[in-house]
Each structure stands twice: as C-alpha cells, then as structure tokens.
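The structure appears right after this line, and notes come after that.
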Amino acid sequence: SRAQVVVIGGGYGGATAARYVRLFSNHKIDVVLIEPDAAFVSCPMSNLVLGGSWQMADITTPYDALRHRHGITVVCDRASAIDTARKTVTLAGGASIVYDKLVVSPGVEFIYGAIEGLPAAHAVGQVLHAWKAGPETAALRRQLQAMPEGGVYAITIPEAPYRCPPGPYERACQVAWYFKQAKPRAKVLILDANPDVTSKAALFKAAWAGPYRGMVEYRPQYNTTAVDAKAGLIKFEVQDDVRADVINVLPPMRAGAIAVQAGLNNQANQHWCGVNYQTFESTAAKDVFVLGDSIQIAPLMPKSGHMANSQAKVAAAAIVAQLAGWPVNPAPLLTNTCYSFVDDRRAVHVASVHAYNAAEQTYLTVPGSGGLSERPSEREGAYAFSWARNICADTLA
Ligand code: FAD
C-alpha cells in the first residue's frame, strides 16, 4: 500500500513540506494537509496592511494549487490530538487519520495568561496582537484608523525568542509611515522586554531618528506584566505605567498548542520542540517531524517564514528518503533572508546561510555568508516584493 504523510498546519512550514513530499516522491506518496483556515494569510507583508499600502487580499492565498496541481488532500479542520504510539491524528470534527510520517508545523501559541488583564482584553478585541495574520490584522488596521490625531500607538515585545525578530520594529515603521500621512502629531511607542533592538538594530534606529524623528520612541527593558484596556494603561516589571490609545501586545509565545498536547515540547521549559537538526524529526516521538516557529532553534536561527520553508524542504527530503530506504542527506543547508520595509517602498534585509554540522549536531552559520543592508533603498524594496511572491509560490503554488 502507498505511504501516507500527514501534515498539521498549512503555513510556511507545513504547506511547503506537503508540496515537497509530493514533488520529491514524484507524487508516489499520499499527503493529507490539515488546516482549519480556508485560505492562507501571510504574516510576511502583513505589516504593510497596517501601514495601508497593501490590502488583506494581497496577503491571502487559497489552497487550490496544493489540491488540484499537487494532488494533496487538504482537510479544512483542526487537529485536536496526536497519538504518537498508534500513529494517528484526531480532528476536531471527530475523524481519525493514520500516518506513516507526521509533520507538525502549527506556528506559535500565544500565552495570554502571562500578562494580567490580557486574556479578557484580547477576547473582546480591545487589545490585539495581530501576530498571526488574519482577522486581527484587519481589526488592528481599523483601530489605527479610528485613533484620534495626537494619539499614541504602543507595541509591546516579549523576551526573545519570539516569532519574527525584526517584525515588531518593521511594524513600528509601517504605523509611523501611516501616521505621517494621516495623523502627523500621533506617536509610536516601542516597549521592548529585550535589552536592545533584536534585529537590524542600527538600520531601524536610523529610520526612527531620520524619517520618523519625533514620532517613534524606542524603550528597551520594558517587560509587560499587565494591561488595563479600559484605562488605556500598560504595566511593567520595573518601569512606570504607560498610557496609550491603541495597545498592541505581543504576548510571550511557545510551540503551537497541538505540539504541546502531543508532548513534543521538550525544550526550554517546555516552550519549544526539540528536533534532530539533520532531518527535523522530533527528539520526543519517532516518525514525527516538527518545523518552523515551534522548534527549539539552533544558534542564530530566526523564527521566520523563510526558515520554516527551508527547514520543510530538508524534512520532506528526509521523509521521502526514509520511506524509500535511501540514506538521508548528511549535510543539509538552510538559507534565510528577512526583509523589513521602512515605508511603502524602501526595505532593508538581513541574510544568512546555516550548514548542518555533524560533529556538533546543530547548524552553524557559514562564515562570510551573511549580509546586512547598509541603508534602506527602493531597489531592496523591489527585491523584497519579489521575495514575498516567490516564497509564497514555493509554499503554495
Ligand atoms: P505558520 O506559517 O503560522 O503556519 C501555522 C499554521 O498551522 C497556521 O495556518 C495555523 O492555522 C495552523 N494550525 C495551528 N494549529 C493547528 C492545528 N491544531 N491543526 C491544524 N492546523 C493548525 N518571516 C519571514 O521570513 N519574512 C518576513 O518578512 C516575516 N514577516 C513577519 C511579519 C509579521 C508581522 C509576523 C507576525 C511574522 C513574520 N514572519 C516573517 C514570520 C513568519 O510568519 C513565521 O515565522 C512563519 O509563519 C512560521 O511558519 P510556521 O509554519 O511555523 O507557522
């Protein structure tokens, strides 16, 4: 009988893995992709929707090509349980699916309860994160539009590691770009639990001191402990309370809930899932592969869509090799590029190449492979638009 690979999560990790298992096996392995959302909404470029230069439709892609071009069975449901002994996945709808190999790429779970007042404020849509693109992205955009001129937008950042290190700083730039046109007396406050800007620090600081001078303020070591949405207040471990009109809290994050349910979260105080970096097979369960934001990262590896896509190809190749009885690639290589837009057209990037090191059983960055922009430019903006189109096509087309 034909081998069956089941994939949980149709995002950058899961959809790429599903697509590449089909491609690498010449369509000889059956693939079932489980995803509750009817279409994929990309987090990359979603900050441009907040800025107003892009629309929700620009970041939304259906699963049609995976279904019709690649013959993947896309099940619109949520995985509610994994039985790693019986090798089955149970769906919220009740059905149960058997797997030979399972890919788990559910993104992050937000730990709302870590911040007092957040579970209630988030539940009624008063305090959003918009850190999973979708309805919250559109809702946060509406909050920014409704904010009065002269008001304050505050974004709070949890301690690293979190999904997309440069993302919050790009968001600050996008909101400032919108304010410059629509409400020039408004302010953007960045309240960061970390000791400094976590990614592309000099480039972002130059934007805040340059085009956004007087509008964007960055404050390190602001570790959010509570929000009072009615009073418009944010409270911190050490620093004084901050008042804001629009409060955008990025809660602390951990591996997606289904990974936790399955007991795959065996690293960093049960926050992240340990994997064998050569194949991305879980160190907690055989024949289960974990990808993307849910994994315990190797040194200098960001939690990014590009990384999840790159990891997915390594895992797909390993799955196809294992099922065929071939040796797995002894020396996988991962690439990453993170672009950030400082306005509607100009972008900066940071890039790296990560090579698997068999002796240390981890990825090490290849010396001399990395790169960082000198300054924002429209040319890099054009590259960034191409990157977004291409990564989306490599994942879903
Ligand atoms: P996701 O892409 O989030 O996919 C997870 C999927 O799993 C979701 O579709 C979810 O619905 C599904 N799922 C969850 N639980 C279940 C379940 N129980 N059953 C079935 N399905 C489930 N990265 C870049 O490389 N470049 C960028 O420019 C960039 N910009 C970003 C900007 C913002 C504002 C944000 C928030 C992130 C950005 N990222 C960027 C990071 C990127 O979005 C993530 O790193 C990437 O999406 C991780 O891929 P993933 O497969 O782990 O998770």
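Order determines the names: the first chain of the structure tokens is A, the second B, and so forth; residues in each chain are numbered 1 upward, and ligands are numbered 1 upward as they are shown.
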Contacts of ligand 1, 7 Å or closer, only C-alpha atoms and all ligand atoms, given as a VMD selection string: chain A and resid 8 to 14 34 to 37 40 42 to 47 77 to 80 105 to 108 130 to 133 163 to 164 167 to 168 171 256 to 258 291 to 294 303 to 308 337 to 340
Who sits within 9 Å of Ala160 (chain A), only C-alpha atoms, same chain under 6 positions skipped, as a PyMOL selection string: chain A and resi 193-194+198+252
Could you dump the residues just selected with C-alpha atoms as a PDB file, in the first residue's frame?
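The resulting selection-v5.pdb:
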ATOM      1  CA  ALA A 193      11.336  43.493  27.083  1.00  0.00           C
ATOM      2  CA  ASN A 194      14.749  42.921  25.491  1.00  0.00           C
ATOM      3  CA  THR A 198      16.785  42.294  18.486  1.00  0.00           C
ATOM      4  CA  PRO A 252       5.058  35.573  25.131  1.00  0.00           C
TER       5      PRO A 252
END
Per-residue DSSP, region 93-263 of chain A, filtered to helix (DSSP H, G or I), as a VMD selection string: chain A and resid 112 to 114 118 to 123 135 to 146 167 to 182 201 to 209 257 to 261
DSSP strand (DSSP E) residues within region 53-269 of chain A, as an NGL selection string: :A and (60-62 or 73-75 or 79-83 or 88-91 or 96-98 or 101-104 or 108-110 or 152-157 or 187-192 or 216-219 or 224-228 or 233-236 or 242-243 or 246-249 or 253-255)
Ala358 (chain A) surroundings by only C-alpha atoms, 12 Å radius, close-in-sequence under 5 positions cut, as number ranges by chain: A: 276-279, 329-333, 363-364
Distance of CA of Ala92 (chain A) from CA of Asn266 (chain A), expressed in Å to one decimal place: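 Separation between CA of Asn266 (chain A) and CA of Ala92 (chain A): 24.5 Å.
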Please tabulate, as JSON lines, the residues of region 42-127 of chain A that come within 12 Å of region 230-248 of chain A, each with its closest pair of atoms and the distance in Å to one decimal, counting only C-alpha atoms and ordering rows by chain, then residue number upward.
{"residue": "A:Leu50", "atom": "CA", "partner": "A:Asn248", "partner_atom": "CA", "distance": 11.9}
{"residue": "A:Ile115", "atom": "CA", "partner": "A:Lys235", "partner_atom": "CA", "distance": 9.3}
{"residue": "A:Glu116", "atom": "CA", "partner": "A:Lys235", "partner_atom": "CA", "distance": 9.1}
{"residue": "A:Gly117", "atom": "CA", "partner": "A:Ile234", "partner_atom": "CA", "distance": 9.9}
{"residue": "A:Leu118", "atom": "CA", "partner": "A:Ile234", "partner_atom": "CA", "distance": 10.2}
{"residue": "A:Ala120", "atom": "CA", "partner": "A:Lys230", "partner_atom": "CA", "distance": 11.2}
{"residue": "A:Ala121", "atom": "CA", "partner": "A:Lys230", "partner_atom": "CA", "distance": 8.8}
{"residue": "A:His122", "atom": "CA", "partner": "A:Asn248", "partner_atom": "CA", "distance": 10.0}
{"residue": "A:Val124", "atom": "CA", "partner": "A:Lys230", "partner_atom": "CA", "distance": 11.8}
{"residue": "A:Gly125", "atom": "CA", "partner": "A:Asn248", "partner_atom": "CA", "distance": 10.8}
{"residue": "A:Gln126", "atom": "CA", "partner": "A:Ile247", "partner_atom": "CA", "distance": 8.2}
{"residue": "A:Val127", "atom": "CA", "partner": "A:Ile247", "partner_atom": "CA", "distance": 5.8}
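Shortest atom-to-atom contact with Tyr162 (chain A) among A:Arg142, A:His349, A:Lys101, A:Arg254: A:Arg254, counting only C-alpha atoms.
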Best match for closeness to Tyr178 (chain A) among A:Leu66, A:Met301, A:Val342, A:Ala139, counting only C-alpha atoms: A:Val342
Residues near Val175 (chain A), cut-off 10 Å, only C-alpha atoms, skip fewer than 4 positions along chain, as an MDAnalysis selection string: chainID A and resid 47:52 141 144 153 169:171 179:180 186:188 216 342:343
Between CA of Leu189 (chain A) and CA of Glu217 (chain A) - distance in Å to one decimal: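 Spanning CA of Glu217 (chain A) to CA of Leu189 (chain A) is a straight-line distance of 5.0 Å.
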Near Leu300 (chain A), within 12 Å and counting only C-alpha atoms, which residues show up once chain neighbours fewer than 4 positions away are dropped, as a short mmCIF file (atom, residue, chain, number, x, y, z; two decimals) with all heavy atoms, in the first residue's frame?
data_model
loop_
_atom_site.label_atom_id
_atom_site.label_comp_id
_atom_site.auth_asym_id
_atom_site.auth_seq_id
_atom_site.Cartn_x
_atom_site.Cartn_y
_atom_site.Cartn_z
N ALA A 160 12.98 37.58 23.71
CA ALA A 160 13.33 36.63 22.65
C ALA A 160 13.53 35.24 23.29
O ALA A 160 13.90 35.17 24.46
CB ALA A 160 14.60 37.09 21.94
N PRO A 161 13.31 34.12 22.56
CA PRO A 161 12.91 34.08 21.16
C PRO A 161 11.40 34.19 20.97
O PRO A 161 10.63 33.63 21.72
CB PRO A 161 13.40 32.69 20.73
CG PRO A 161 13.29 31.84 21.97
CD PRO A 161 13.57 32.77 23.11
N PRO A 165 11.98 38.03 14.63
CA PRO A 165 12.70 39.05 15.42
C PRO A 165 12.55 40.49 14.89
O PRO A 165 12.31 41.40 15.69
CB PRO A 165 14.15 38.58 15.39
CG PRO A 165 14.08 37.11 15.08
CD PRO A 165 12.82 36.87 14.31
N THR A 198 16.29 43.66 18.65
CA THR A 198 16.78 42.29 18.49
C THR A 198 17.34 42.01 17.09
O THR A 198 18.00 41.01 16.90
CB THR A 198 15.64 41.29 18.76
OG1 THR A 198 14.69 41.90 19.62
CG2 THR A 198 16.13 40.04 19.42
N SER A 199 17.02 42.82 16.10
CA SER A 199 17.44 42.54 14.73
C SER A 199 17.61 43.85 13.97
O SER A 199 16.79 44.76 14.13
CB SER A 199 16.37 41.66 14.07
OG SER A 199 16.66 41.42 12.72
N GLN A 296 12.78 24.33 18.82
CA GLN A 296 13.91 24.93 19.55
C GLN A 296 14.95 25.28 18.49
O GLN A 296 15.45 24.40 17.79
CB GLN A 296 14.47 23.91 20.54
CG GLN A 296 15.80 24.27 21.18
CD GLN A 296 15.68 25.41 22.16
OE1 GLN A 296 14.68 25.53 22.88
NE2 GLN A 296 16.68 26.27 22.20
N SER A 304 11.41 32.40 11.38
CA SER A 304 10.93 33.15 10.22
C SER A 304 10.24 32.23 9.22
O SER A 304 10.44 31.01 9.25
CB SER A 304 12.12 33.84 9.52
OG SER A 304 12.86 32.92 8.76
N MET A 307 12.84 30.59 7.00
CA MET A 307 13.48 29.47 7.70
C MET A 307 12.56 28.24 7.71
O MET A 307 13.00 27.12 7.44
CB MET A 307 13.72 29.91 9.14
CG MET A 307 15.01 29.63 9.80
SD MET A 307 16.18 28.53 9.12
CE MET A 307 17.58 29.58 8.99
N LEU A 334 20.52 25.37 5.13
CA LEU A 334 19.32 26.23 5.22
C LEU A 334 19.71 27.65 4.87
O LEU A 334 20.81 28.09 5.20
CB LEU A 334 18.76 26.22 6.64
CG LEU A 334 18.43 24.88 7.28
CD1 LEU A 334 18.06 25.10 8.75
CD2 LEU A 334 17.28 24.21 6.55
N THR A 335 18.78 28.36 4.23
CA THR A 335 19.04 29.78 3.98
C THR A 335 17.96 30.63 4.65
O THR A 335 16.87 30.13 4.93
CB THR A 335 19.01 30.11 2.47
OG1 THR A 335 17.71 29.77 1.96
CG2 THR A 335 20.08 29.34 1.73
N ASN A 336 18.28 31.87 4.89
CA ASN A 336 17.29 32.81 5.43
C ASN A 336 17.54 34.21 4.93
O ASN A 336 18.68 34.66 4.89
CB ASN A 336 17.33 32.82 6.96
CG ASN A 336 16.20 33.65 7.53
OD1 ASN A 336 15.04 33.25 7.47
ND2 ASN A 336 16.51 34.85 8.01
N VAL A 350 18.41 41.27 6.19
CA VAL A 350 19.49 40.53 6.83
C VAL A 350 19.40 39.10 6.29
O VAL A 350 18.30 38.55 6.17
CB VAL A 350 19.41 40.59 8.38
CG1 VAL A 350 18.09 40.07 8.92
CG2 VAL A 350 20.56 39.82 9.02
N ALA A 351 20.54 38.53 5.91
CA ALA A 351 20.55 37.20 5.30
C ALA A 351 21.60 36.31 5.96
O ALA A 351 22.59 36.82 6.51
CB ALA A 351 20.83 37.31 3.80
N SER A 352 21.37 34.99 5.91
CA SER A 352 22.35 34.06 6.48
C SER A 352 22.19 32.68 5.85
O SER A 352 21.13 32.33 5.35
CB SER A 352 22.19 33.97 8.00
OG SER A 352 20.83 33.74 8.34
N VAL A 353 23.27 31.90 5.89
CA VAL A 353 23.26 30.51 5.43
C VAL A 353 23.70 29.65 6.61
O VAL A 353 24.68 29.97 7.28
CB VAL A 353 24.20 30.30 4.22
CG1 VAL A 353 24.16 28.84 3.76
CG2 VAL A 353 23.81 31.23 3.07
N HIS A 354 22.94 28.57 6.86
CA HIS A 354 23.19 27.72 8.04
C HIS A 354 23.47 26.30 7.56
O HIS A 354 22.64 25.68 6.92
CB HIS A 354 21.97 27.73 8.96
CG HIS A 354 21.52 29.11 9.36
ND1 HIS A 354 21.67 29.61 10.63
CD2 HIS A 354 20.93 30.11 8.64
CE1 HIS A 354 21.20 30.85 10.68
NE2 HIS A 354 20.74 31.16 9.48
N ALA A 355 24.67 25.79 7.91
CA ALA A 355 25.08 24.45 7.46
C ALA A 355 25.02 23.48 8.63
O ALA A 355 25.46 23.81 9.74
CB ALA A 355 26.49 24.50 6.89
N THR A 362 24.29 20.38 15.07
CA THR A 362 23.49 21.60 15.03
C THR A 362 23.82 22.33 13.74
O THR A 362 24.62 21.86 12.93
CB THR A 362 23.76 22.48 16.26
OG1 THR A 362 22.81 23.54 16.29
CG2 THR A 362 25.17 23.06 16.26
N TYR A 363 23.19 23.48 13.53
CA TYR A 363 23.53 24.31 12.37
C TYR A 363 24.48 25.42 12.82
O TYR A 363 24.29 26.01 13.88
CB TYR A 363 22.27 24.94 11.76
CG TYR A 363 21.45 23.94 10.99
CD1 TYR A 363 20.46 23.20 11.62
CD2 TYR A 363 21.69 23.72 9.64
CE1 TYR A 363 19.73 22.25 10.93
CE2 TYR A 363 20.96 22.77 8.93
CZ TYR A 363 19.99 22.05 9.58
OH TYR A 363 19.27 21.12 8.89
N LEU A 364 25.49 25.65 11.99
CA LEU A 364 26.41 26.76 12.23
C LEU A 364 26.33 27.67 11.00
O LEU A 364 26.23 27.19 9.88
CB LEU A 364 27.83 26.24 12.41
CG LEU A 364 28.03 25.24 13.57
CD1 LEU A 364 29.46 24.72 13.60
CD2 LEU A 364 27.67 25.88 14.91
N THR A 365 26.37 28.98 11.24
CA THR A 365 26.31 29.89 10.08
C THR A 365 27.62 29.77 9.30
O THR A 365 28.70 29.65 9.88
CB THR A 365 26.07 31.35 10.50
OG1 THR A 365 26.99 31.68 11.52
CG2 THR A 365 24.65 31.56 11.00
N VAL A 366 27.48 29.77 7.98
CA VAL A 366 28.65 29.64 7.11
C VAL A 366 29.41 30.96 7.13
O VAL A 366 28.82 32.01 6.83
CB VAL A 366 28.19 29.30 5.67
CG1 VAL A 366 29.38 29.27 4.71
CG2 VAL A 366 27.44 27.97 5.66
N GLY A 370 26.74 35.73 5.44
CA GLY A 370 25.68 36.62 5.89
C GLY A 370 25.69 37.95 5.15
O GLY A 370 26.61 38.27 4.40
#
Selected residue of minimal separation from Ala285 (chain A) among A:Thr84, A:Asn223, A:Gln143, A:Asn390, counting only C-alpha atoms: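 Counting only C-alpha atoms, the residue closest to Ala285 (chain A) is A:Thr84.
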Å distance separating CA of Met253 (chain A) from CA of Glu159 (chain A), one decimal place: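 Distance between the two atoms: 9.3 Å.
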Among the residues A:Arg375, A:Asn265, A:His70, A:Val75, the one that comes closest to Phe24 (chain A) [using only C-alpha atoms]: A:His70
